[in-house]
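With compact mmCIF, C-alpha atoms inside, this is upload_33.txt:
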```
# COMPACT_ATOMS: atom_id res chain seq x y z
CA MET A 1 30.22 9.13 6.91
CA ILE A 2 27.27 11.41 6.16
CA SER A 3 24.60 12.18 8.73
CA ALA A 4 20.95 11.24 8.32
CA ALA A 5 20.18 14.88 7.51
CA GLN A 6 22.67 14.76 4.63
CA THR A 7 21.32 11.56 3.09
CA PRO A 8 20.36 12.24 -0.52
CA LEU A 9 16.64 12.04 -1.26
CA TYR A 10 17.16 9.21 -3.76
CA GLU A 11 18.60 7.04 -0.97
CA ILE A 12 15.65 7.83 1.26
CA LYS A 13 13.28 6.92 -1.59
CA ALA A 14 15.17 3.68 -2.18
CA ASN A 15 14.68 2.76 1.48
CA LEU A 16 10.96 3.50 1.17
CA PHE A 17 10.71 1.14 -1.79
CA LYS A 18 12.71 -1.49 0.11
CA ALA A 19 10.03 -1.30 2.80
CA LEU A 20 7.41 -1.94 0.10
CA SER A 21 9.37 -4.74 -1.57
CA HIS A 22 7.52 -7.72 -0.11
CA PRO A 23 4.07 -8.91 -1.28
CA ALA A 24 2.89 -9.41 2.30
CA ARG A 25 3.73 -5.79 3.16
CA ILE A 26 1.85 -4.55 0.09
CA ARG A 27 -1.15 -6.65 1.17
CA ILE A 28 -0.97 -5.20 4.69
CA LEU A 29 -0.91 -1.67 3.27
CA GLU A 30 -3.84 -2.42 0.95
CA LEU A 31 -5.84 -3.74 3.90
CA LEU A 32 -5.07 -0.62 5.91
CA ALA A 33 -5.91 1.64 2.96
CA ALA A 34 -9.31 -0.04 2.63
CA ALA A 35 -10.04 0.00 6.38
CA PRO A 36 -12.10 2.72 8.06
CA ASP A 37 -9.80 5.62 8.95
CA THR A 38 -6.99 3.62 7.27
CA ALA A 39 -6.52 1.75 10.56
CA ALA A 40 -7.00 -1.85 11.67
CA PRO A 41 -6.14 -4.00 14.70
CA VAL A 42 -3.50 -6.69 14.42
CA SER A 43 -6.18 -9.37 14.84
CA TYR A 44 -7.86 -8.18 11.62
CA LEU A 45 -4.54 -8.12 9.74
CA LEU A 46 -3.76 -11.64 10.97
CA ALA A 47 -7.12 -12.97 9.80
CA GLU A 48 -6.99 -11.26 6.42
CA THR A 49 -3.37 -12.02 5.51
CA GLY A 50 -3.22 -15.57 6.86
CA LEU A 51 0.33 -14.89 8.05
CA GLU A 52 1.74 -16.38 11.23
CA ALA A 53 1.78 -13.84 14.04
CA SER A 54 5.58 -13.71 14.11
CA HIS A 55 5.80 -13.06 10.36
CA LEU A 56 3.13 -10.36 10.49
CA SER A 57 4.97 -8.76 13.40
CA GLN A 58 8.22 -8.66 11.40
CA HIS A 59 6.51 -7.08 8.38
CA LEU A 60 4.75 -4.50 10.54
CA ALA A 61 8.06 -3.67 12.25
CA THR A 62 9.67 -3.06 8.85
CA LEU A 63 6.82 -0.79 7.76
CA ARG A 64 6.94 1.05 11.08
CA ARG A 65 10.74 1.45 10.96
CA HIS A 66 10.45 3.07 7.53
CA GLY A 67 7.66 5.40 8.66
CA VAL A 68 4.99 3.87 6.43
CA VAL A 69 2.67 2.86 9.30
CA THR A 70 2.15 3.92 12.88
CA SER A 71 0.81 1.91 15.78
CA VAL A 72 -1.20 2.63 18.91
CA ARG A 73 -1.69 0.26 21.84
CA ARG A 74 -4.90 0.51 23.86
CA ALA A 75 -5.09 -2.10 26.61
CA ASN A 76 -4.27 -5.37 24.80
CA VAL A 77 -5.22 -4.18 21.29
CA VAL A 78 -2.58 -2.84 18.89
CA THR A 79 -3.95 -0.87 15.95
CA TYR A 80 -1.93 0.01 12.87
CA ARG A 81 -2.62 2.98 10.61
CA LEU A 82 -1.13 4.33 7.40
CA ALA A 83 1.33 7.04 8.41
CA HIS A 84 0.24 9.32 5.56
CA PRO A 85 -2.89 9.37 3.36
CA LYS A 86 -0.77 9.54 0.19
CA ILE A 87 0.35 5.94 0.78
CA ALA A 88 -3.08 4.76 -0.42
CA GLU A 89 -2.66 6.93 -3.50
CA LEU A 90 0.82 5.48 -4.09
CA LEU A 91 -0.72 1.98 -4.07
CA ALA A 92 -3.41 3.09 -6.53
CA ILE A 93 -0.86 4.62 -8.88
CA ALA A 94 1.23 1.43 -8.74
CA ARG A 95 -1.89 -0.56 -9.65
CA VAL A 96 -2.56 1.67 -12.67
CA PHE A 97 1.06 1.46 -13.77
CA LEU A 98 1.03 -2.33 -13.54
CA LEU A 99 -2.30 -2.65 -15.37
CA ASP A 100 -0.91 -0.48 -18.16
CA ARG A 101 2.24 -2.65 -18.32
CA LEU A 102 0.12 -5.81 -18.42
CA ALA A 103 -1.97 -4.51 -21.32
CA GLY A 104 0.20 -6.53 -23.71
CA SER A 105 -0.66 -9.74 -21.95
CA SER A 106 -4.40 -10.24 -22.16
CA GLU A 107 -4.50 -13.18 -19.74
CA GLN A 108 -2.54 -11.37 -17.01
CA LEU A 109 -4.62 -8.25 -17.63
CA ARG A 110 -7.88 -10.21 -17.35
CA ILE A 111 -6.76 -11.68 -14.03
CA ALA A 112 -5.58 -8.30 -12.72
CA ARG A 113 -8.83 -6.60 -13.66
CA GLU A 114 -10.80 -9.24 -11.77
CA LEU A 115 -9.11 -8.08 -8.55
CA PRO A 116 -11.52 -5.90 -6.57
CA ALA A 117 -10.58 -2.22 -7.01
CA GLY A 118 -12.54 -1.29 -3.89
CA HIS A 119 -10.15 -3.27 -1.65
CA LEU A 120 -7.78 -0.31 -1.82
CA GLY A 121 -10.28 2.03 -0.20
CA ILE A 122 -9.99 4.45 -3.10
CA ALA A 123 -13.29 4.09 -4.91
CA GLY A 124 -13.38 6.24 -7.98
CA VAL A 125 -9.61 6.54 -8.27
CA VAL A 126 -9.12 3.54 -10.56
CA ASP A 127 -11.66 3.50 -13.38
CA SER A 128 -12.99 0.37 -15.10
CA ALA A 129 -10.21 0.51 -17.70
CA GLY A 130 -7.62 0.49 -14.93
CA GLY A 131 -6.75 4.17 -15.42
CA LEU A 132 -6.81 7.04 -12.99
CA GLY A 133 -10.26 8.53 -12.68
CA SER A 134 -11.10 12.12 -11.99
CA ALA A 135 -11.73 11.44 -8.30
CA SER A 136 -7.98 11.26 -7.75
CA GLY A 137 -7.46 14.76 -9.01
CA LEU A 138 -4.72 13.42 -11.24
CA GLY A 139 -6.72 12.93 -14.42
CA SER A 140 -5.98 10.12 -16.85
CA GLU A 141 -3.35 11.82 -18.95
CA ALA A 142 0.25 10.78 -18.63
CA PRO A 143 2.62 13.18 -16.88
```

Let's see the structure in the file written out as structure tokens.
Amino acid sequence: MISAAQTPLYEIKANLFKALSHPARIRILELLAAAPDTAAPVSYLLAETGLEASHLSQHLATLRRHGVVTSVRRANVVTYRLAHPKIAELLAIARVFLLDRLAGSSEQLRIARELPAGHLGIAGVVDSAGGLGSASGLGSEAP
């Protein structure tokens, strides 16, 4: 058996994407990305997601276990934060990729474009056409 230090990077990446593989977890991350300082208390996440407390707790535990979020307890308030600022950028890139893929389906594209871009907390990163804007530093050209 190989040690954790010997785990190939592709396996580590696969585990990251497993952590992101549930719509509720993506919603939690989007809420955190849009929150001030990319942090929010559990009470806010409960109200915004509409999840039962036990389900939210399970999703947050998965994200924490995979190093995607961190938590801090102060008195009786637990606050979650994105573990790295690039997570918000990863969400924005995924949005652009999906909008590009949906371009062939005008109805799905219309619905996707009606979603508020600002909810990701990355104003200026996704332009009105759904592409990467200059604010991301990535430009709009394909790699």

TODO: Find the residues near region 37-51 of chain A: any atom within 10 Å, counting all atoms listed in the file, skip ones fewer than 2 places away on the same chain, and give them as number ranges by chain.
DONE: A: 24-25, 27-35, 53-57, 59-60, 69-73, 77-85, 88, 120-121

Write to file, as a PDB file, in the frame of the given file, the residues of the selection just made, with C-alpha atoms.
```pdb
ATOM      1  CA  ALA A  24       2.890  -9.410   2.300  1.00  0.00           C
ATOM      2  CA  ARG A  25       3.730  -5.790   3.160  1.00  0.00           C
ATOM      3  CA  ARG A  27      -1.150  -6.650   1.170  1.00  0.00           C
ATOM      4  CA  ILE A  28      -0.970  -5.200   4.690  1.00  0.00           C
ATOM      5  CA  LEU A  29      -0.910  -1.670   3.270  1.00  0.00           C
ATOM      6  CA  GLU A  30      -3.840  -2.420   0.950  1.00  0.00           C
ATOM      7  CA  LEU A  31      -5.840  -3.740   3.900  1.00  0.00           C
ATOM      8  CA  LEU A  32      -5.070  -0.620   5.910  1.00  0.00           C
ATOM      9  CA  ALA A  33      -5.910   1.640   2.960  1.00  0.00           C
ATOM     10  CA  ALA A  34      -9.310  -0.040   2.630  1.00  0.00           C
ATOM     11  CA  ALA A  35     -10.040   0.000   6.380  1.00  0.00           C
ATOM     12  CA  ALA A  53       1.780 -13.840  14.040  1.00  0.00           C
ATOM     13  CA  SER A  54       5.580 -13.710  14.110  1.00  0.00           C
ATOM     14  CA  HIS A  55       5.800 -13.060  10.360  1.00  0.00           C
ATOM     15  CA  LEU A  56       3.130 -10.360  10.490  1.00  0.00           C
ATOM     16  CA  SER A  57       4.970  -8.760  13.400  1.00  0.00           C
ATOM     17  CA  HIS A  59       6.510  -7.080   8.380  1.00  0.00           C
ATOM     18  CA  LEU A  60       4.750  -4.500  10.540  1.00  0.00           C
ATOM     19  CA  VAL A  69       2.670   2.860   9.300  1.00  0.00           C
ATOM     20  CA  THR A  70       2.150   3.920  12.880  1.00  0.00           C
ATOM     21  CA  SER A  71       0.810   1.910  15.780  1.00  0.00           C
ATOM     22  CA  VAL A  72      -1.200   2.630  18.910  1.00  0.00           C
ATOM     23  CA  ARG A  73      -1.690   0.260  21.840  1.00  0.00           C
ATOM     24  CA  VAL A  77      -5.220  -4.180  21.290  1.00  0.00           C
ATOM     25  CA  VAL A  78      -2.580  -2.840  18.890  1.00  0.00           C
ATOM     26  CA  THR A  79      -3.950  -0.870  15.950  1.00  0.00           C
ATOM     27  CA  TYR A  80      -1.930   0.010  12.870  1.00  0.00           C
ATOM     28  CA  ARG A  81      -2.620   2.980  10.610  1.00  0.00           C
ATOM     29  CA  LEU A  82      -1.130   4.330   7.400  1.00  0.00           C
ATOM     30  CA  ALA A  83       1.330   7.040   8.410  1.00  0.00           C
ATOM     31  CA  HIS A  84       0.240   9.320   5.560  1.00  0.00           C
ATOM     32  CA  PRO A  85      -2.890   9.370   3.360  1.00  0.00           C
ATOM     33  CA  ALA A  88      -3.080   4.760  -0.420  1.00  0.00           C
ATOM     34  CA  LEU A 120      -7.780  -0.310  -1.820  1.00  0.00           C
ATOM     35  CA  GLY A 121     -10.280   2.030  -0.200  1.00  0.00           C
TER      36      GLY A 121
END
```

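Here CA of Ile26 (chain A) stands at a distance of 28.8 Å from CA of Gln6 (chain A).
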
Set the distance at 12 Å and use only C-alpha atoms: which residues neighbour Lys18 (chain A) once local chain neighbours fewer than 3 positions away are removed? I'd like the list as a PDB file with C-alpha atoms, keeping the file's coordinate frame.
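Written out: result.pdb:
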```pdb
ATOM      1  CA  GLU A  11      18.600   7.040  -0.970  1.00  0.00           C
ATOM      2  CA  ILE A  12      15.650   7.830   1.260  1.00  0.00           C
ATOM      3  CA  LYS A  13      13.280   6.920  -1.590  1.00  0.00           C
ATOM      4  CA  ALA A  14      15.170   3.680  -2.180  1.00  0.00           C
ATOM      5  CA  ASN A  15      14.680   2.760   1.480  1.00  0.00           C
ATOM      6  CA  SER A  21       9.370  -4.740  -1.570  1.00  0.00           C
ATOM      7  CA  HIS A  22       7.520  -7.720  -0.110  1.00  0.00           C
ATOM      8  CA  PRO A  23       4.070  -8.910  -1.280  1.00  0.00           C
ATOM      9  CA  ARG A  25       3.730  -5.790   3.160  1.00  0.00           C
ATOM     10  CA  ILE A  26       1.850  -4.550   0.090  1.00  0.00           C
ATOM     11  CA  HIS A  59       6.510  -7.080   8.380  1.00  0.00           C
ATOM     12  CA  THR A  62       9.670  -3.060   8.850  1.00  0.00           C
ATOM     13  CA  LEU A  63       6.820  -0.790   7.760  1.00  0.00           C
ATOM     14  CA  ARG A  65      10.740   1.450  10.960  1.00  0.00           C
ATOM     15  CA  HIS A  66      10.450   3.070   7.530  1.00  0.00           C
ATOM     16  CA  VAL A  68       4.990   3.870   6.430  1.00  0.00           C
TER      17      VAL A  68
END
```

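Taking CA of Ile93 (chain A) and CA of Ser106 (chain A) as the two end points, the separation is 20.2 Å.
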
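In this model, the gap between CA of Ala92 (chain A) and CA of Leu9 (chain A) comes to 22.6 Å.
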
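Ranking A:Ile87, A:Ala75, A:Ala19, A:Ala103 by their shortest atom-to-atom distance to Gln58 (chain A), with all atoms listed in the file included, puts A:Ala19 first.
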